[in-house]
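*Asks:* Have a look at this one.
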Amino acid sequence: MKKNINTECLHAGYSPKNGEPRVVPIYQSTTFKYESSEDMAKCFDLDSNGYFYTRLQNPTNDAVAAKIAALEGGVAAVLTSSGQAASFYSVFNIASAGDHVVCSSAIYGGTFNLFSVTMKKLGIDFTFISPTASEAELNAAFRDNTRAVFAETLSNPSLDVLDIELFANAAHAHGVPLIVDNTFPTPVNCRPFEFGADIVIHSTTKYMDGHATSVGGVIVDSGNFDWTQNDKFPGLTTPDDSYHGIIYTEKFGKGAYITKAVVQLMRDLGSIPSPHNAFLLNLGLETLPLRVERHCQNALAVAEFLKTNKNVSWINYPSLADSKYYDLVQKYMPDGTSGVISFGVKGGRKAAIKFMDSLGLASICTHVADCRTCCLHPASTTHRQLTDEQLKECGVSDDLIRLSVGIEYIDDIIADIAQALEKAAQA
């Protein structure tokens with residue numbers, strides 16, 4: 001029976017049997033005992049699903065990954081130690097030296113740096129295009145060696161809304177998958193697989209955890225992309241010598257992509273979350289729908305307030321009726337976008353910094369998207385490594401404030417913002 005996402009947040013991924021713990025237990029163990037060498041050998045040959053070393057798989061981690069896969073409507077998922085690791089693995093699992101990726105330019109600054117600098121050193125080239133690119137502009141970015149398209153459903157921090165179907169159709173026309181970072185909307189507000197995306201990733205550090213306790217990430221596979229349709233993905237469709245010539249698409253079918261990410265990338269690079277962090281993530285997931293609803297209600301109220309404030313030069317909150325993204329929001333995120341707002345403080349960088357320094361309830365944090373209201377000046381923090389041209393390309397201006405509206409009482413949030421704006425005007 002298909003269940004509502006509110007129910008799945010509580011029950012998916014783990015079904016205790018008679019006398020077993022009702023809550024997902026923490027398997028805080030590096031290794032697992034076997035009765036015979038043959039039994040363990042079957043695990044190493046990928047002929048058995050048993051656990052043998054937490055760097056590859058752990059029951060706590062797998063239960064939480066299965067829950068997130070259910071929330072997104074995917075066939076399989078793997079947790080990673082951070083959202084950054086999820087971004088890296090999602091691409092590196094199917095692209096290697098000499099390959100190319102088409103990527104939205106409006107993405108998190110750390111991801112932009114990962115792709116444009118670090119992965120470039122590994123020989124993977126990226127072409128960055130506007131998330132509002134036309135079909136013609138999008139198609140022009142592809143090359144013969146393109147292996148994927150990467151974008152964010154709701155970009156951090158510029159809050160551009162991706163036309164998922166447009167990007168998915170372009171990717172599929174060129175025989176490659178669309179990878180989407182769905183961190184801000186969460187599957188409560190947007191399920192990219194329903195619009196053609198193939199792989200979804202999250203920084204679970206944000207709304208999924210929700211309490212700023214655990215850094216983490218996740219990769220979810222829809223199971224819909226046919227990796228055998230062309231010769232672009234030899235890592236999945238030809239023998240893997242490190243596993244006795246296994247061909248992932250033949251042995252694991254729809255589970256090929258995630259299986260390879262686990263047994264090859266996680267085996268060699270080891271970016272796993274601790275079982276305790278996975279346990280904390282699961283607690284956050286149980287209340288995700290309730291928190292996301294409150295975040296969106298509060299953010300819309302704050303956005304309406306900022307629209308009429310004389311000390312605000314502009315505001316971008318896609319759920320506003322006059323937003324340029326409103327039609328896309330109604331298509332992809334009709335129940336709300338997120339609790340994140342971007343806006344400009346009159347007076348530029350100096351006034352923006354004064355605004356932040358004057359806040360009392362809200363915190364100045366690198367973090368975003370947890371239960372407490374916090375804010376950031378991206379141009380001088382998360383995106384400070386980018387050039388002026390790159391900042392412009394990412395949609396990050398000098399006066400931009402990224403405000404993550406929490407779940408506090410709304411009148412208290414607005415009162416704090418109002419007094420800080422008054423002080424900023426005097427800077």
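Ordering of the structure tokens sets the chain letters (A, B, ...); residue numbers start at 1 within each chain; ligands are numbered from 1 in the order shown.
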Can you pull out every residue from range 361-420 of chain A that DSSP, working from the backbone, puts in strand (DSSP E or B), and format the result as a list of chain:residue names?
*Replies:*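 Secondary structure check on range 361-420 of chain A, strand (DSSP E or B): A:Ser363, A:Ile364, A:Cys374, A:Cys375, A:Leu376, A:Leu400, A:Ile401, A:Arg402, A:Leu403, A:Ser404.
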*Asks:* Can you tell me which residues surround Arg147 in chain A at a distance of at most 8 Å, considering only C-alpha atoms, apart from same-chain residues fewer than 4 positions away, and format the answer as a short mmCIF file (atom, residue, chain, number, x, y, z; two decimals) with N, CA and C atoms, in the first residue's frame?
*Replies:*
```
data_model
loop_
_atom_site.label_atom_id
_atom_site.label_comp_id
_atom_site.auth_asym_id
_atom_site.auth_seq_id
_atom_site.Cartn_x
_atom_site.Cartn_y
_atom_site.Cartn_z
N ILE A 94 30.20 8.10 -12.28
CA ILE A 94 29.96 7.85 -13.71
C ILE A 94 30.85 8.69 -14.63
N ALA A 95 31.70 9.53 -14.06
CA ALA A 95 32.60 10.37 -14.88
C ALA A 95 34.03 10.21 -14.38
N ASP A 99 36.32 13.19 -19.15
CA ASP A 99 34.87 13.35 -19.31
C ASP A 99 34.43 14.78 -19.00
N HIS A 100 33.17 15.04 -19.27
CA HIS A 100 32.62 16.39 -19.20
C HIS A 100 31.24 16.35 -18.56
N VAL A 101 30.90 17.41 -17.82
CA VAL A 101 29.59 17.51 -17.17
C VAL A 101 29.02 18.90 -17.44
N VAL A 176 22.42 11.03 -21.24
CA VAL A 176 23.05 11.12 -19.92
C VAL A 176 22.00 11.41 -18.85
N PRO A 177 22.31 11.14 -17.59
CA PRO A 177 21.34 11.37 -16.52
C PRO A 177 21.36 12.81 -15.99
N LYS A 232 28.64 5.21 -22.91
CA LYS A 232 29.16 6.32 -22.11
C LYS A 232 29.54 5.94 -20.68
N PHE A 233 29.08 4.78 -20.19
CA PHE A 233 29.25 4.45 -18.78
C PHE A 233 29.92 3.08 -18.58
#
```
*Asks:* Select, from A:Val329, A:Ile199, A:Met208, A:Cys43, the residue with the minimum atom-to-atom distance to Asn224 in chain A, counting only C-alpha atoms.
*Replies:*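 Of A:Val329, A:Ile199, A:Met208, A:Cys43, the one nearest Asn224 in chain A is A:Ile199, counting only C-alpha atoms.
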*Asks:* Please report the interatomic distance between CA of Ile201 in chain A and CA of Val218 in chain A in Å with one decimal.
*Replies:*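 Between these atoms lies a distance of 5.5 Å.
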*Asks:* Run DSSP on the backbone and grab whatever in range 99-204 of chain A lands in alpha helix (DSSP H); send it over as a list of chain:residue names.
*Replies:* A:Gly109, A:Gly110, A:Thr111, A:Phe112, A:Asn113, A:Met119, A:Lys120, A:Lys121, A:Glu135, A:Ala136, A:Glu137, A:Leu138, A:Asn139, A:Ala140, A:Ile164, A:Glu165, A:Leu166, A:Phe167, A:Ala168, A:Asn169, A:Ala170, A:Ala171, A:His172, A:Ala173, A:Thr186, A:Pro187, A:Val188, A:Asn189
*Asks:* May I have the residues within 10 Å of Ile5 in chain A as a PyMOL selection string, using only C-alpha atoms and disregarding those fewer than 6 positions away in the same chain?
*Replies:* chain A and resi 11-12+70-73+187-188+288-289
*Asks:* Which residues are close to range 209-216 of chain A, i.e. within 9 Å by only C-alpha atoms, leaving aside same-chain residues fewer than 3 positions away? Reply as a ChimeraX atom specification.
*Replies:* /A:79-86,202-206,272-273,277-278,280-285,287-288,291,367-372
*Asks:* Env of Ala173 in chain A: 10 Å cut, atoms = only C-alpha atoms, seq-sep filter 5 positions within chain, self excluded. Answer as a PyMOL selection string.
*Replies:* chain A and resi 139+167-168
*Asks:* Suppose we keep C-alpha atoms; can you now write the selection as a PDB file, in the first residue's frame?
*Replies:*
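Contents of selection.pdb, freshly written:
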```
ATOM      1  CA  ASN A 139      21.719  21.771 -25.789  1.00  0.00           C
ATOM      2  CA  PHE A 167      16.923  19.899 -17.936  1.00  0.00           C
ATOM      3  CA  ALA A 168      15.894  16.239 -17.746  1.00  0.00           C
TER       4      ALA A 168
END
```
*Asks:* Have a look at CA of Arg402 in chain A and CA of Gln426 in chain A and let me know their distance in Å, one decimal.
*Replies:*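 Taking CA of Arg402 in chain A and CA of Gln426 in chain A, their separation equals 20.8 Å.
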*Asks:* Please determine, counting only C-alpha atoms, which residue among A:His172, A:Glu393, A:Gly270, A:Gly255 has the shortest atom-to-atom distance to Phe128 in chain A.
*Replies:*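 Closest candidate: A:Glu393.
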*Asks:* With only C-alpha atoms as the counted atoms, please give the residues lying no more than 12 Å from Gly406 in chain A, apart from itself and same-chain residues fewer than 6 positions off, as a ChimeraX atom specification.
*Replies:* /A:206-207,210-212,291-302,338-341,361-363,368-375,412-414
*Asks:* Would you kindly return, as a ChimeraX atom specification, each protein, DNA or RNA residue with an atom no farther than 10 Å from any atom of Tyr51 in chain A, considering only C-alpha atoms and excluding same-chain residues fewer than 2 positions away?
*Replies:* /A:31-34,40,43-44,48-49,53-54,56-59
*Asks:* Hey, can you spit out that residue selection with N, CA and C atoms as a CSV table (one decimal), in the first residue's frame?
*Replies:*
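The resulting again-v7.csv:
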```csv
chain,number,residue,atom,x,y,z
A,31,THR,N,33.0,-3.7,12.7
A,31,THR,CA,33.1,-5.0,12.0
A,31,THR,C,32.0,-6.0,12.5
A,32,PHE,N,31.8,-7.1,11.8
A,32,PHE,CA,30.7,-8.0,12.1
A,32,PHE,C,31.3,-9.5,12.0
A,33,LYS,N,30.9,-10.3,12.9
A,33,LYS,CA,31.4,-11.6,13.1
A,33,LYS,C,30.7,-12.6,12.1
A,34,TYR,N,31.5,-13.6,11.6
A,34,TYR,CA,31.0,-14.7,10.8
A,34,TYR,C,31.4,-16.0,11.3
A,40,MET,N,32.1,-15.1,4.9
A,40,MET,CA,32.6,-13.8,4.8
A,40,MET,C,33.1,-13.6,3.3
A,43,CYS,N,30.5,-12.2,1.0
A,43,CYS,CA,30.3,-10.8,1.1
A,43,CYS,C,31.3,-10.1,0.2
A,44,PHE,N,32.6,-10.5,0.3
A,44,PHE,CA,33.6,-9.8,-0.5
A,44,PHE,C,33.5,-10.0,-2.0
A,48,SER,N,26.7,-12.1,-1.4
A,48,SER,CA,25.9,-12.0,-0.2
A,48,SER,C,25.6,-10.6,0.3
A,49,ASN,N,24.5,-10.3,0.8
A,49,ASN,CA,24.2,-9.0,1.3
A,49,ASN,C,24.6,-8.8,2.8
A,53,TYR,N,32.0,-4.8,7.2
A,53,TYR,CA,32.8,-3.7,7.6
A,53,TYR,C,32.0,-2.4,7.4
A,54,THR,N,32.0,-1.6,8.4
A,54,THR,CA,31.1,-0.4,8.3
A,54,THR,C,31.5,0.6,7.3
A,56,LEU,N,31.8,0.1,4.3
A,56,LEU,CA,31.0,-0.2,3.1
A,56,LEU,C,29.5,-0.1,3.5
A,57,GLN,N,29.1,-0.9,4.5
A,57,GLN,CA,27.7,-0.9,4.9
A,57,GLN,C,27.6,-1.1,6.4
A,58,ASN,N,26.5,-0.6,6.9
A,58,ASN,CA,26.1,-0.7,8.3
A,58,ASN,C,24.6,-0.8,8.4
A,59,PRO,N,24.0,-1.6,9.3
A,59,PRO,CA,22.6,-1.7,9.4
A,59,PRO,C,21.9,-0.4,9.7
```
*Asks:* Please, what distance in Å, to one decimal, runs between CA of Asp268 in chain A and CA of Tyr89 in chain A?
*Replies:*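 Computing it gives 11.5 Å between the two atoms.
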*Asks:* For each of A:Val200, A:Ala415, A:Ala256, A:Val262, take the minimum atom-to-atom distance to Phe305 in chain A, counting only C-alpha atoms, then give the residue where this is smallest.
*Replies:*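 Under the stated criterion, the closest residue is A:Ala415.
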